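One file, run-v1.pdb, carrying PDB, C-alpha atoms and all ligand atoms:
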```pdb
ATOM      1  CA  MET A 875     140.539  85.529  76.212
ATOM      2  CA  THR A 876     139.947  86.483  72.612
ATOM      3  CA  ALA A 877     136.830  85.053  71.078
ATOM      4  CA  VAL A 878     133.852  85.885  73.279
ATOM      5  CA  VAL A 879     131.545  85.061  70.415
ATOM      6  CA  PRO A 880     132.066  81.692  68.727
ATOM      7  CA  GLU A 881     133.454  81.788  65.187
ATOM      8  CA  THR A 882     130.216  80.514  63.728
ATOM      9  CA  ALA A 883     128.109  83.369  65.107
ATOM     10  CA  THR A 884     126.857  85.979  62.677
ATOM     11  CA  PRO A 885     129.444  88.729  62.523
ATOM     12  CA  LEU A 886     128.468  92.111  63.933
ATOM     13  CA  VAL A 887     129.588  93.809  60.758
ATOM     14  CA  ARG A 888     130.015  92.256  57.346
ATOM     15  CA  LEU A 889     131.012  94.068  54.189
ATOM     16  CA  THR A 890     130.921  92.056  51.006
ATOM     17  CA  ASP A 891     132.590  93.388  47.882
ATOM     18  CA  ALA A 892     131.764  96.877  49.083
ATOM     19  CA  GLY A 893     132.781  99.994  47.244
ATOM     20  CA  LYS A 894     132.309 103.725  47.172
ATOM     21  CA  ASN A 895     132.477 106.165  44.296
ATOM     22  CA  TYR A 896     132.524 109.901  44.736
ATOM     23  CA  GLY A 897     131.302 110.868  41.290
ATOM     24  CA  ASN A 898     134.017 109.517  38.959
ATOM     25  CA  ILE A 899     136.472 108.887  41.741
ATOM     26  CA  ILE A 900     136.622 105.319  42.965
ATOM     27  CA  ALA A 901     137.612 105.743  46.591
ATOM     28  CA  LEU A 902     137.039 102.115  47.535
ATOM     29  CA  ARG A 903     136.202  98.927  45.685
ATOM     30  CA  GLY A 904     135.693  95.252  46.325
ATOM     31  CA  VAL A 905     136.335  95.280  50.049
ATOM     32  CA  THR A 906     135.229  92.296  52.104
ATOM     33  CA  LEU A 907     135.466  92.408  55.859
ATOM     34  CA  GLU A 908     133.961  90.675  58.890
ATOM     35  CA  VAL A 909     133.995  92.000  62.412
ATOM     36  CA  SER A 910     132.918  89.811  65.310
ATOM     37  CA  GLY A 911     132.599  90.538  69.000
ATOM     38  CA  GLY A 912     135.767  90.061  71.020
ATOM     39  CA  GLU A 913     137.984  90.757  68.019
ATOM     40  CA  VAL A 914     140.159  93.617  66.888
ATOM     41  CA  THR A 915     140.284  94.239  63.159
ATOM     42  CA  CYS A 916     143.078  96.548  62.074
ATOM     43  CA  VAL A 917     142.703  98.512  58.869
ATOM     44  CA  LEU A 918     146.065  99.568  57.516
ATOM     45  CA  GLY A 919     147.036 101.615  54.524
ATOM     46  CA  ASP A 920     148.888 104.662  53.349
ATOM     47  CA  ASN A 921     147.447 108.112  52.781
ATOM     48  CA  GLY A 922     144.591 107.969  50.325
ATOM     49  CA  ALA A 923     144.286 104.185  50.628
ATOM     50  CA  GLY A 924     140.588 104.414  51.478
ATOM     51  CA  LYS A 925     140.670 103.865  55.247
ATOM     52  CA  SER A 926     138.491 106.846  56.092
ATOM     53  CA  THR A 927     136.111 106.029  53.268
ATOM     54  CA  LEU A 928     135.731 102.514  54.660
ATOM     55  CA  ILE A 929     134.949 103.676  58.176
ATOM     56  CA  LYS A 930     132.618 106.382  56.909
ATOM     57  CA  ILE A 931     130.563 103.637  55.288
ATOM     58  CA  ILE A 932     130.508 101.525  58.441
ATOM     59  CA  ALA A 933     129.817 104.563  60.654
ATOM     60  CA  GLY A 934     126.867 105.686  58.540
ATOM     61  CA  LEU A 935     128.418 108.914  57.261
ATOM     62  CA  HIS A 936     128.484 107.825  53.617
ATOM     63  CA  GLU A 937     126.492 105.127  51.935
ATOM     64  CA  HIS A 938     128.323 102.427  49.976
ATOM     65  CA  THR A 939     127.709 102.548  46.230
ATOM     66  CA  SER A 940     128.389  98.867  45.498
ATOM     67  CA  GLY A 941     128.416  95.543  47.307
ATOM     68  CA  SER A 942     126.624  94.958  50.574
ATOM     69  CA  TYR A 943     126.834  95.993  54.204
ATOM     70  CA  GLU A 944     125.211  93.882  56.913
ATOM     71  CA  VAL A 945     124.924  94.427  60.627
ATOM     72  CA  GLU A 946     124.227  91.237  62.552
ATOM     73  CA  GLY A 947     123.106  89.578  59.351
ATOM     74  CA  GLU A 948     120.714  92.325  58.313
ATOM     75  CA  ALA A 949     121.426  94.385  55.170
ATOM     76  CA  VAL A 950     121.657  98.060  56.061
ATOM     77  CA  HIS A 951     121.781 101.391  54.251
ATOM     78  CA  PHE A 952     122.538 103.960  56.881
ATOM     79  CA  SER A 953     121.821 107.546  56.087
ATOM     80  CA  SER A 954     123.315 109.017  59.261
ATOM     81  CA  PRO A 955     125.781 108.190  62.044
ATOM     82  CA  ARG A 956     122.813 108.285  64.429
ATOM     83  CA  GLU A 957     121.330 105.312  62.618
ATOM     84  CA  ALA A 958     124.595 103.410  62.881
ATOM     85  CA  LEU A 959     124.775 104.273  66.574
ATOM     86  CA  ASP A 960     121.271 102.903  67.061
ATOM     87  CA  HIS A 961     122.659  99.625  65.701
ATOM     88  CA  GLY A 962     125.469  99.756  68.270
ATOM     89  CA  ILE A 963     128.177 101.124  65.998
ATOM     90  CA  ALA A 964     130.133 103.898  67.699
ATOM     91  CA  THR A 965     132.996 105.871  66.222
ATOM     92  CA  VAL A 966     135.749 107.683  68.048
ATOM     93  CA  TYR A 967     137.330 110.218  65.713
ATOM     94  CA  GLN A 968     140.841 111.474  66.086
ATOM     95  CA  ASP A 969     139.714 115.049  66.585
ATOM     96  CA  LEU A 970     137.397 114.096  69.427
ATOM     97  CA  ALA A 971     134.240 116.091  69.740
ATOM     98  CA  VAL A 972     134.833 117.214  73.302
ATOM     99  CA  VAL A 973     134.202 120.500  75.006
ATOM    100  CA  PRO A 974     137.633 121.222  76.525
ATOM    101  CA  LEU A 975     136.472 123.476  79.344
ATOM    102  CA  MET A 976     133.711 121.194  80.548
ATOM    103  CA  PRO A 977     134.365 118.640  83.273
ATOM    104  CA  VAL A 978     135.206 115.087  82.317
ATOM    105  CA  TRP A 979     131.835 113.783  83.547
ATOM    106  CA  ARG A 980     129.954 116.408  81.507
ATOM    107  CA  ASN A 981     131.751 115.266  78.391
ATOM    108  CA  PHE A 982     131.136 111.640  79.269
ATOM    109  CA  PHE A 983     127.375 112.269  79.348
ATOM    110  CA  LEU A 984     127.300 114.899  76.588
ATOM    111  CA  GLY A 985     124.093 114.433  74.618
ATOM    112  CA  ASN A 986     122.935 111.707  77.045
ATOM    113  CA  GLU A 987     122.475 113.770  80.203
ATOM    114  CA  VAL A 988     120.698 112.053  83.059
ATOM    115  CA  ARG A 989     117.974 114.070  84.777
ATOM    116  CA  LYS A 990     116.203 113.774  88.066
ATOM    117  CA  GLY A 991     112.982 115.671  87.562
ATOM    118  CA  LEU A 992     113.932 118.917  85.847
ATOM    119  CA  ARG A 993     117.481 119.008  87.113
ATOM    120  CA  MET A 994     120.537 117.219  85.914
ATOM    121  CA  ASP A 995     121.516 114.370  88.190
ATOM    122  CA  ILE A 996     125.069 115.567  88.638
ATOM    123  CA  GLY A 997     125.854 113.182  91.489
ATOM    124  CA  PHE A 998     124.896 110.140  89.446
ATOM    125  CA  MET A 999     126.779 111.288  86.354
ATOM    126  CA  ARG A1000     129.882 112.107  88.359
ATOM    127  CA  GLU A1001     129.899 108.773  90.187
ATOM    128  CA  THR A1002     129.133 106.773  87.058
ATOM    129  CA  THR A1003     131.903 108.452  85.092
ATOM    130  CA  LYS A1004     134.383 107.745  87.856
ATOM    131  CA  LYS A1005     133.296 104.124  88.124
ATOM    132  CA  GLU A1006     133.249 103.456  84.393
ATOM    133  CA  LEU A1007     136.692 104.945  83.925
ATOM    134  CA  LEU A1008     137.977 102.929  86.849
ATOM    135  CA  ASP A1009     136.520  99.755  85.335
ATOM    136  CA  MET A1010     138.611 100.431  82.253
ATOM    137  CA  GLY A1011     141.622 100.981  84.501
ATOM    138  CA  ILE A1012     141.692 104.778  84.293
ATOM    139  CA  ASP A1013     142.019 106.262  87.744
ATOM    140  CA  LEU A1014     141.169 109.945  87.499
ATOM    141  CA  ARG A1015     141.483 111.710  90.792
ATOM    142  CA  ASP A1016     138.943 114.303  89.823
ATOM    143  CA  VAL A1017     136.231 113.872  87.188
ATOM    144  CA  ASP A1018     135.387 117.554  87.724
ATOM    145  CA  GLN A1019     138.547 118.676  86.019
ATOM    146  CA  PRO A1020     138.073 120.113  82.520
ATOM    147  CA  ILE A1021     138.610 117.394  79.921
ATOM    148  CA  GLY A1022     141.028 119.766  78.191
ATOM    149  CA  THR A1023     143.501 119.162  81.013
ATOM    150  CA  LEU A1024     143.774 115.450  80.153
ATOM    151  CA  SER A1025     146.417 114.160  77.782
ATOM    152  CA  GLY A1026     145.434 113.124  74.252
ATOM    153  CA  GLY A1027     145.731 109.467  75.201
ATOM    154  CA  GLU A1028     143.535 109.860  78.264
ATOM    155  CA  ARG A1029     140.915 111.653  76.220
ATOM    156  CA  GLN A1030     140.843 108.793  73.737
ATOM    157  CA  CYS A1031     140.381 106.430  76.675
ATOM    158  CA  VAL A1032     137.478 108.460  78.050
ATOM    159  CA  ALA A1033     135.851 108.312  74.618
ATOM    160  CA  ILE A1034     136.341 104.542  74.471
ATOM    161  CA  SER A1035     134.860 103.898  77.917
ATOM    162  CA  ARG A1036     131.980 106.228  77.055
ATOM    163  CA  ALA A1037     131.162 104.196  73.955
ATOM    164  CA  VAL A1038     131.359 100.996  76.000
ATOM    165  CA  TYR A1039     129.049 102.432  78.690
ATOM    166  CA  PHE A1040     126.448 103.550  76.174
ATOM    167  CA  GLY A1041     126.207 100.053  74.778
ATOM    168  CA  ALA A1042     128.361 100.069  71.660
ATOM    169  CA  LYS A1043     128.832  96.656  70.093
ATOM    170  CA  VAL A1044     131.244  97.845  67.465
ATOM    171  CA  LEU A1045     133.833 100.485  68.196
ATOM    172  CA  ILE A1046     135.592 102.250  65.353
ATOM    173  CA  LEU A1047     138.793 104.089  66.197
ATOM    174  CA  ASP A1048     140.160 106.353  63.480
ATOM    175  CA  GLU A1049     143.915 106.624  63.920
ATOM    176  CA  PRO A1050     143.703 107.040  67.711
ATOM    177  CA  THR A1051     147.465 106.775  68.122
ATOM    178  CA  ALA A1052     148.550 108.902  65.167
ATOM    179  CA  ALA A1053     149.246 112.037  67.176
ATOM    180  CA  LEU A1054     150.506 110.304  70.303
ATOM    181  CA  GLY A1055     153.948 109.496  71.646
ATOM    182  CA  VAL A1056     155.109 105.986  72.482
ATOM    183  CA  LYS A1057     153.854 105.902  76.061
ATOM    184  CA  GLN A1058     150.458 107.467  75.346
ATOM    185  CA  SER A1059     149.983 105.128  72.407
ATOM    186  CA  GLY A1060     150.608 102.218  74.735
ATOM    187  CA  VAL A1061     147.851 103.471  77.016
ATOM    188  CA  VAL A1062     145.367 103.651  74.144
ATOM    189  CA  LEU A1063     146.381 100.216  72.841
ATOM    190  CA  ARG A1064     145.668  98.803  76.292
ATOM    191  CA  TYR A1065     142.108 100.198  76.200
ATOM    192  CA  ILE A1066     141.590  98.722  72.776
ATOM    193  CA  LEU A1067     142.277  95.360  74.382
ATOM    194  CA  GLN A1068     139.953  96.231  77.281
ATOM    195  CA  ALA A1069     137.142  96.939  74.845
ATOM    196  CA  ARG A1070     137.839  93.623  73.120
ATOM    197  CA  GLU A1071     137.755  91.746  76.426
ATOM    198  CA  ARG A1072     134.357  93.244  77.043
ATOM    199  CA  GLY A1073     133.202  91.566  73.873
ATOM    200  CA  LEU A1074     133.128  94.541  71.533
ATOM    201  CA  GLY A1075     134.166  94.252  67.932
ATOM    202  CA  VAL A1076     136.889  96.853  67.471
ATOM    203  CA  ILE A1077     137.933  98.374  64.161
ATOM    204  CA  PHE A1078     141.276 100.058  64.599
ATOM    205  CA  ILE A1079     142.524 102.282  61.785
ATOM    206  CA  THR A1080     146.220 102.982  61.769
ATOM    207  CA  HIS A1081     149.282 103.641  59.613
ATOM    208  CA  ASN A1082     151.487 101.875  62.083
ATOM    209  CA  PRO A1083     152.012  98.100  61.871
ATOM    210  CA  HIS A1084     153.822  98.195  65.216
ATOM    211  CA  HIS A1085     150.656  99.462  66.868
ATOM    212  CA  ALA A1086     148.420  97.116  64.919
ATOM    213  CA  TYR A1087     150.234  93.833  65.289
ATOM    214  CA  PRO A1088     150.213  93.413  69.087
ATOM    215  CA  VAL A1089     146.479  94.126  69.442
ATOM    216  CA  GLY A1090     145.024  92.918  66.139
ATOM    217  CA  ASP A1091     143.241  89.622  65.453
ATOM    218  CA  ARG A1092     142.671  90.405  61.786
ATOM    219  CA  PHE A1093     144.384  92.757  59.398
ATOM    220  CA  LEU A1094     142.952  94.392  56.324
ATOM    221  CA  LEU A1095     145.482  96.128  54.130
ATOM    222  CA  LEU A1096     144.259  98.762  51.727
ATOM    223  CA  LYS A1097     146.044 100.368  48.855
ATOM    224  CA  ARG A1098     144.571 102.842  46.375
ATOM    225  CA  GLY A1099     141.077 101.899  47.427
ATOM    226  CA  GLN A1100     141.536  98.144  47.134
ATOM    227  CA  SER A1101     142.273  95.348  49.513
ATOM    228  CA  ILE A1102     145.795  94.005  49.065
ATOM    229  CA  GLY A1103     145.379  91.460  51.818
ATOM    230  CA  TYR A1104     143.116  90.292  54.592
ATOM    231  CA  TYR A1105     144.769  88.107  57.175
ATOM    232  CA  ARG A1106     144.191  86.461  60.494
ATOM    233  CA  LYS A1107     147.030  86.955  62.894
ATOM    234  CA  SER A1108     148.093  83.322  62.511
ATOM    235  CA  GLU A1109     148.531  83.890  58.775
ATOM    236  CA  ILE A1110     150.949  86.791  58.914
ATOM    237  CA  SER A1111     154.003  87.712  60.972
ATOM    238  CA  ARG A1112     154.843  91.129  62.265
ATOM    239  CA  ASP A1113     157.708  91.425  59.776
ATOM    240  CA  GLU A1114     155.508  90.471  56.861
ATOM    241  CA  LEU A1115     152.894  93.003  57.904
ATOM    242  CA  THR A1116     155.540  95.689  58.258
ATOM    243  CA  ALA A1117     157.043  94.856  54.873
ATOM    244  CA  LEU A1118     153.643  94.978  53.201
ATOM    245  CA  MET A1119     152.896  98.311  54.806
ATOM    246  CA  ALA A1120     156.246  99.835  54.000
ATOM    247  CA  GLY A1121     155.737  98.847  50.369
ATOM    248  CA  GLY A1122     159.128  97.165  49.964
ATOM    249  CA  ALA A1123     159.349  97.719  46.202
ATOM    250  CA  GLU A1124     158.468 101.392  46.442
ATOM    251  CA  LEU A1125     160.991 101.959  49.178
ATOM    252  CA  GLU A1126     163.605 100.382  46.963
ATOM    253  CA  GLU A1127     162.682 102.575  44.011
ATOM    254  CA  LEU A1128     162.877 105.672  46.178
ATOM    255  CA  SER A1129     166.225 104.578  47.477
ATOM    256  CA  HIS A1130     167.604 104.295  43.920
ATOM    257  CA  GLU A1131     166.166 107.638  42.974
ATOM    258  CA  LEU A1132     167.762 109.390  45.939
ATOM    259  CA  GLU A1133     171.012 107.618  45.295
ATOM    260  CA  SER A1134     171.279 108.846  41.736
ATOM    261  CA  ALA A1135     170.550 112.365  42.969
ATOM    262  CA  GLY A1136     173.890 112.132  44.844
ATOM    263  CA  GLY A1137     175.195 114.152  47.793
ATOM    264  CA  ALA A1138     173.160 114.179  50.971
ATOM    265  CA  SER A1139     170.393 112.257  49.201
ATOM    266  CA  ALA A1140     172.786 109.363  48.750
ATOM    267  CA  ASP A1141     173.087 109.125  52.513
ATOM    268  CA  ALA A1142     169.331 109.060  52.771
ATOM    269  CA  ALA A1143     169.297 106.353  50.123
ATOM    270  CA  LYS A1144     171.736 104.352  52.195
ATOM    271  CA  ILE A1145     169.585 104.675  55.266
ATOM    272  CA  LEU A1146     166.547 103.648  53.279
ATOM    273  CA  GLY A1147     168.515 100.713  51.933
ATOM    274  CA  GLU A1148     169.208  99.630  55.479
ATOM    275  CA  GLU A1149     165.579 100.037  56.378
ATOM    276  CA  VAL A1150     164.585  97.852  53.458
ATOM    277  CA  HIS A1151     167.127  95.326  54.664
ATOM    278  CA  ASP A1152     165.687  95.412  58.182
ATOM    279  CA  LEU A1153     162.323  94.573  56.759
ATOM    280  CA  GLY A1154     163.740  91.401  55.297
ATOM    281  CA  ILE A1155     163.445  92.590  51.721
ATOM    282  CA  ASP A1156     166.303  92.108  49.231
ATOM    283  CA  ARG A1157     169.103  94.441  49.972
ATOM    284  CA  VAL A1158     169.308  97.514  47.775
ATOM    285  CA  SER A1159     172.791  98.220  46.461
ATOM    286  CA  THR A1160     173.893 101.547  47.810
ATOM    287  CA  LYS A1161     177.164 103.016  46.645
ATOM    288  CA  GLU A1162     179.076 105.441  48.802
ATOM    289  CA  ALA A1163     178.485 109.069  47.987
ATOM    290  CA  PRO A1164     181.282 110.503  45.820
TER     291      PRO A1164
HETATM  292  N1  LIG B   1     134.428 113.314  49.588
HETATM  293  C1  LIG B   1     135.270 112.896  48.653
HETATM  294  N2  LIG B   1     135.141 113.297  47.370
HETATM  295  C2  LIG B   1     135.996 112.891  46.415
HETATM  296  N3  LIG B   1     137.033 112.054  46.630
HETATM  297  C3  LIG B   1     137.234 111.629  47.884
HETATM  298  C4  LIG B   1     136.375 112.024  48.958
HETATM  299  N4  LIG B   1     136.816 111.438  50.088
HETATM  300  C5  LIG B   1     137.899 110.710  49.729
HETATM  301  N5  LIG B   1     138.151 110.823  48.424
HETATM  302  C6  LIG B   1     139.239 110.160  47.687
HETATM  303  O1  LIG B   1     139.179 108.770  47.942
HETATM  304  C7  LIG B   1     140.474 108.232  48.135
HETATM  305  C8  LIG B   1     140.561 107.542  49.508
HETATM  306  O2  LIG B   1     140.535 108.548  50.528
HETATM  307  P1  LIG B   1     140.450 108.241  52.090
HETATM  308  O3  LIG B   1     140.232 109.542  52.779
HETATM  309  O4  LIG B   1     139.479 107.167  52.322
HETATM  310  O5  LIG B   1     141.924 107.715  52.383
HETATM  311  P2  LIG B   1     142.638 107.411  53.785
HETATM  312  O6  LIG B   1     143.173 106.018  53.667
HETATM  313  O7  LIG B   1     141.745 107.691  54.899
HETATM  314  O8  LIG B   1     143.859 108.410  53.771
HETATM  315  P3  LIG B   1     144.559 109.214  54.998
HETATM  316  O9  LIG B   1     145.535 108.267  55.603
HETATM  317  O10 LIG B   1     145.255 110.317  54.286
HETATM  318  O11 LIG B   1     143.499 109.666  55.942
HETATM  319  C9  LIG B   1     141.446 109.369  47.962
HETATM  320  O12 LIG B   1     141.951 109.324  46.662
HETATM  321  C10 LIG B   1     140.599 110.604  48.181
HETATM  322  O13 LIG B   1     141.090 111.685  47.451
HETATM  323 MG    MG B   2     141.838 109.022  56.577
END
```
In structure tokens, write the structure found in this file.
Ligand SMILES: Nc1ncnc2c1ncn2[C@@H]1O[C@H](COP(=O)(O)OP(=O)(O)OP(=O)(O)O)[C@@H](O)[C@H]1O
Ligand SMILES: [Mg+2]
Amino acid sequence: MTAVVPETATPLVRLTDAGKNYGNIIALRGVTLEVSGGEVTCVLGDNGAGKSTLIKIIAGLHEHTSGSYEVEGEAVHFSSPREALDHGIATVYQDLAVVPLMPVWRNFFLGNEVRKGLRMDIGFMRETTKKELLDMGIDLRDVDQPIGTLSGGERQCVAISRAVYFGAKVLILDEPTAALGVKQSGVVLRYILQARERGLGVIFITHNPHHAYPVGDRFLLLKRGQSIGYYRKSEISRDELTALMAGGAELEELSHELESAGGASADAAKILGEEVHDLGIDRVSTKEAP
């Protein structure tokens, strides 16, 4: 199950030729992007490519300075993340805003506490947290344990299920797997798919094409603030995506540079040459170190 919403439906989020200047600095320009329910859009790019700028626009942290931004067909100019959230756009940042010593359920309901009269309805919040996590496939023995005792991956998953519970339509994940090992990343990738199956539009920011490709339906590649490609999965293979991300030509240049530096760098150049080869890009000639 991929497309919950038919292709013809108005996308949840649409950016058209959108850009952002910080004074004289053009952080982003001419980006067009559509996010529909039941789809994962991966935003890939190197450091400084404009990924964070893009999500800050969508999340309501910064306003775009050119182009247009529509949510469900309506032009918007958000002036705060709260406003974006009111439109169903939730963002899970890498450095999650959790209170480590508070129980999982407290964090789940942080800022949305449920009361019964004057008191907090702890029973309800505890049970709901347990149930919601279970629905996403996370079986926590004890939702009373401090959230700080969970692994990074589990914490990301709690944040995802929280956004789903509180009615997010669009979920933005800023590099959720960047600091995680292979296994933990796998766990988070699985919840990205869970959120998609529930009909959310997911925007997944990552450096890693190997994380993006298996879960993504669309791929936006950014470089120096501009789009260098926007593909549906059927239009690009994993190898092509990887090659685009690795910047084949730049890798080759670096390889030559290291090679001419000689010594240990020549070995590095050789390795890089092999990497370039693996990516299906023309082989770089690497001489043996003297
Ligand atoms: N508040 C700001 N003021 C001035 N320039 C900024 C600001 N935020 C970002 N930039 C610039 O805009 C460009 C894009 O930055 P952005 O943070 O969006 O990149 P990124 O793709 O998220 O990179 P990273 O992978 O390192 O997080 C960079 O050149 C950056 O220096
Ligand atoms: Mg960033």
Let me have the centre and edge lengths in Å, one decimal, of the box along x, y and z around every listed atom of ligand LIG 1 (chain B) with 6 Å of margin on each side, as JSON.
```
{"center_x": 140.0, "center_y": 109.7, "center_z": 51.2, "size_x": 23.1, "size_y": 19.3, "size_z": 21.5}
```
Taken to one decimal, the atom CA of A:Thr915-atom CA of A:Ala1086 distance is 8.8 Å
If the limit is 9 Å from any atom of ligand MG 2 (chain B), counting only C-alpha atoms and all ligand atoms, which residues qualify? Return them as a PDB file with C-alpha atoms, keeping the file's coordinate frame.
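The resulting file, selection.pdb, is shown below:
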```pdb
ATOM      1  CA  ASP A 920     148.888 104.662  53.349  1.00  0.00           C
ATOM      2  CA  ASN A 921     147.447 108.112  52.781  1.00  0.00           C
ATOM      3  CA  GLY A 922     144.591 107.969  50.325  1.00  0.00           C
ATOM      4  CA  ALA A 923     144.286 104.185  50.628  1.00  0.00           C
ATOM      5  CA  GLY A 924     140.588 104.414  51.478  1.00  0.00           C
ATOM      6  CA  LYS A 925     140.670 103.865  55.247  1.00  0.00           C
ATOM      7  CA  SER A 926     138.491 106.846  56.092  1.00  0.00           C
ATOM      8  CA  THR A 927     136.111 106.029  53.268  1.00  0.00           C
ATOM      9  CA  ILE A 929     134.949 103.676  58.176  1.00  0.00           C
ATOM     10  CA  ASP A1048     140.160 106.353  63.480  1.00  0.00           C
ATOM     11  CA  GLU A1049     143.915 106.624  63.920  1.00  0.00           C
ATOM     12  CA  ILE A1079     142.524 102.282  61.785  1.00  0.00           C
TER      13      ILE A1079
END
```
Measure the distance from atom CA of A:Thr906 to atom CA of A:Gly1099 in Å and round it to one decimal. 12.2 Å
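The two atoms in question, atom CA of A:Leu886 and atom CA of A:Glu957, are spaced 15.1 Å apart.
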Using all atoms listed in the file, find the one residue out of A:Val917, A:Val1044, A:Cys1031, A:Leu1054 that sits nearest to ligand LIG 1 (chain B).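 Counting all atoms listed in the file, the residue closest to ligand LIG 1 (chain B) is A:Val917.
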Just so the selection is clear, what residues does the PyMOL selection byres (((chain A and resi 1018) around 10) and not hetatm) cover here, as a list in words?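 So the PyMOL selection byres (((chain A and resi 1018) around 10) and not hetatm) ends up selecting Met976, Pro977, Val978, Trp979, Arg980, Arg1000, Lys1004, Leu1014, Arg1015, Asp1016, Val1017, Gln1019, Pro1020 and Ile1021 of chain A.
Using all atoms listed in the file, the smallest distance between any of A:Gly1103, A:Pro974, A:Gly912, A:Gly919 and ligand LIG 1 (chain B) comes from A:Gly919.
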Of A:Val1061, A:Leu1008, A:Val973, A:Ala949, the one sitting nearest A:Gly1022 when using all atoms listed in the file is A:Val973
Selected residue, from A:Arg1036, A:Arg989, A:His951, A:Arg903, that lies nearest to ligand LIG 1 (chain B) when counting all atoms listed in the file: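 Nearest to ligand LIG 1 (chain B): A:Arg903.
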Take the PyMOL selection byres (((chain A and resi 1081) around 6) and not hetatm), run it mentally on this structure, and tell me the resulting residues as a PyMOL selection string. chain A and resi 918-919+1080+1082
Starting from the shown file, work through the PyMOL selection byres (((chain A and resi 1115) around 10) and not hetatm) and note down what comes out as a list in words.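 Matching residues under the PyMOL selection byres (((chain A and resi 1115) around 10) and not hetatm) are Leu918, Asn1082, Pro1083, His1084, Ala1086, Tyr1087, Phe1093, Leu1095, Gly1103, Tyr1105, Lys1107, Ile1110, Ser1111, Arg1112, Asp1113, Glu1114, Thr1116, Ala1117, Leu1118, Met1119, Ala1120, Gly1121 and Leu1153 of chain A.
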With distances taken over only C-alpha atoms, which residue among A:Gly897, A:Gly985, A:Gly991, A:Pro1088 lies nearest A:Arg956?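 Ranked by minimum distance to A:Arg956, first place goes to A:Gly985.
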Ranking A:Glu944, A:Glu937, A:Asp891, A:Asp960 by minimum distance to ligand LIG 1 (chain B) and counting all atoms listed in the file, which one comes first?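 Comparing A:Glu944, A:Glu937, A:Asp891, A:Asp960 against ligand LIG 1 (chain B), the winner is A:Glu937.
Within 9 Å of A:Ser940, once all atoms listed in the file are used and residues closer than 3 positions along the same chain are dropped, the contacting residues are Asp891, Ala892, Gly893, Lys894, Asn895, Arg903 and Gly904 of chain A.
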Create the file for the chosen residues now, containing C-alpha atoms and written as a CSV table (one decimal), keeping the file's coordinate frame.
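Result written to part.csv:
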```
chain,number,residue,atom,x,y,z
A,891,ASP,CA,132.6,93.4,47.9
A,892,ALA,CA,131.8,96.9,49.1
A,893,GLY,CA,132.8,100.0,47.2
A,894,LYS,CA,132.3,103.7,47.2
A,895,ASN,CA,132.5,106.2,44.3
A,903,ARG,CA,136.2,98.9,45.7
A,904,GLY,CA,135.7,95.3,46.3
```
Just want the 6 Å neighbourhood of A:Val914, counted on only C-alpha atoms, with same-chain residues fewer than 6 positions away dropped. Output as a list of chain:residue names.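 Near A:Val914, the qualifying residues are A:Val1076, A:Ile1077, A:Gly1090, A:Asp1091.
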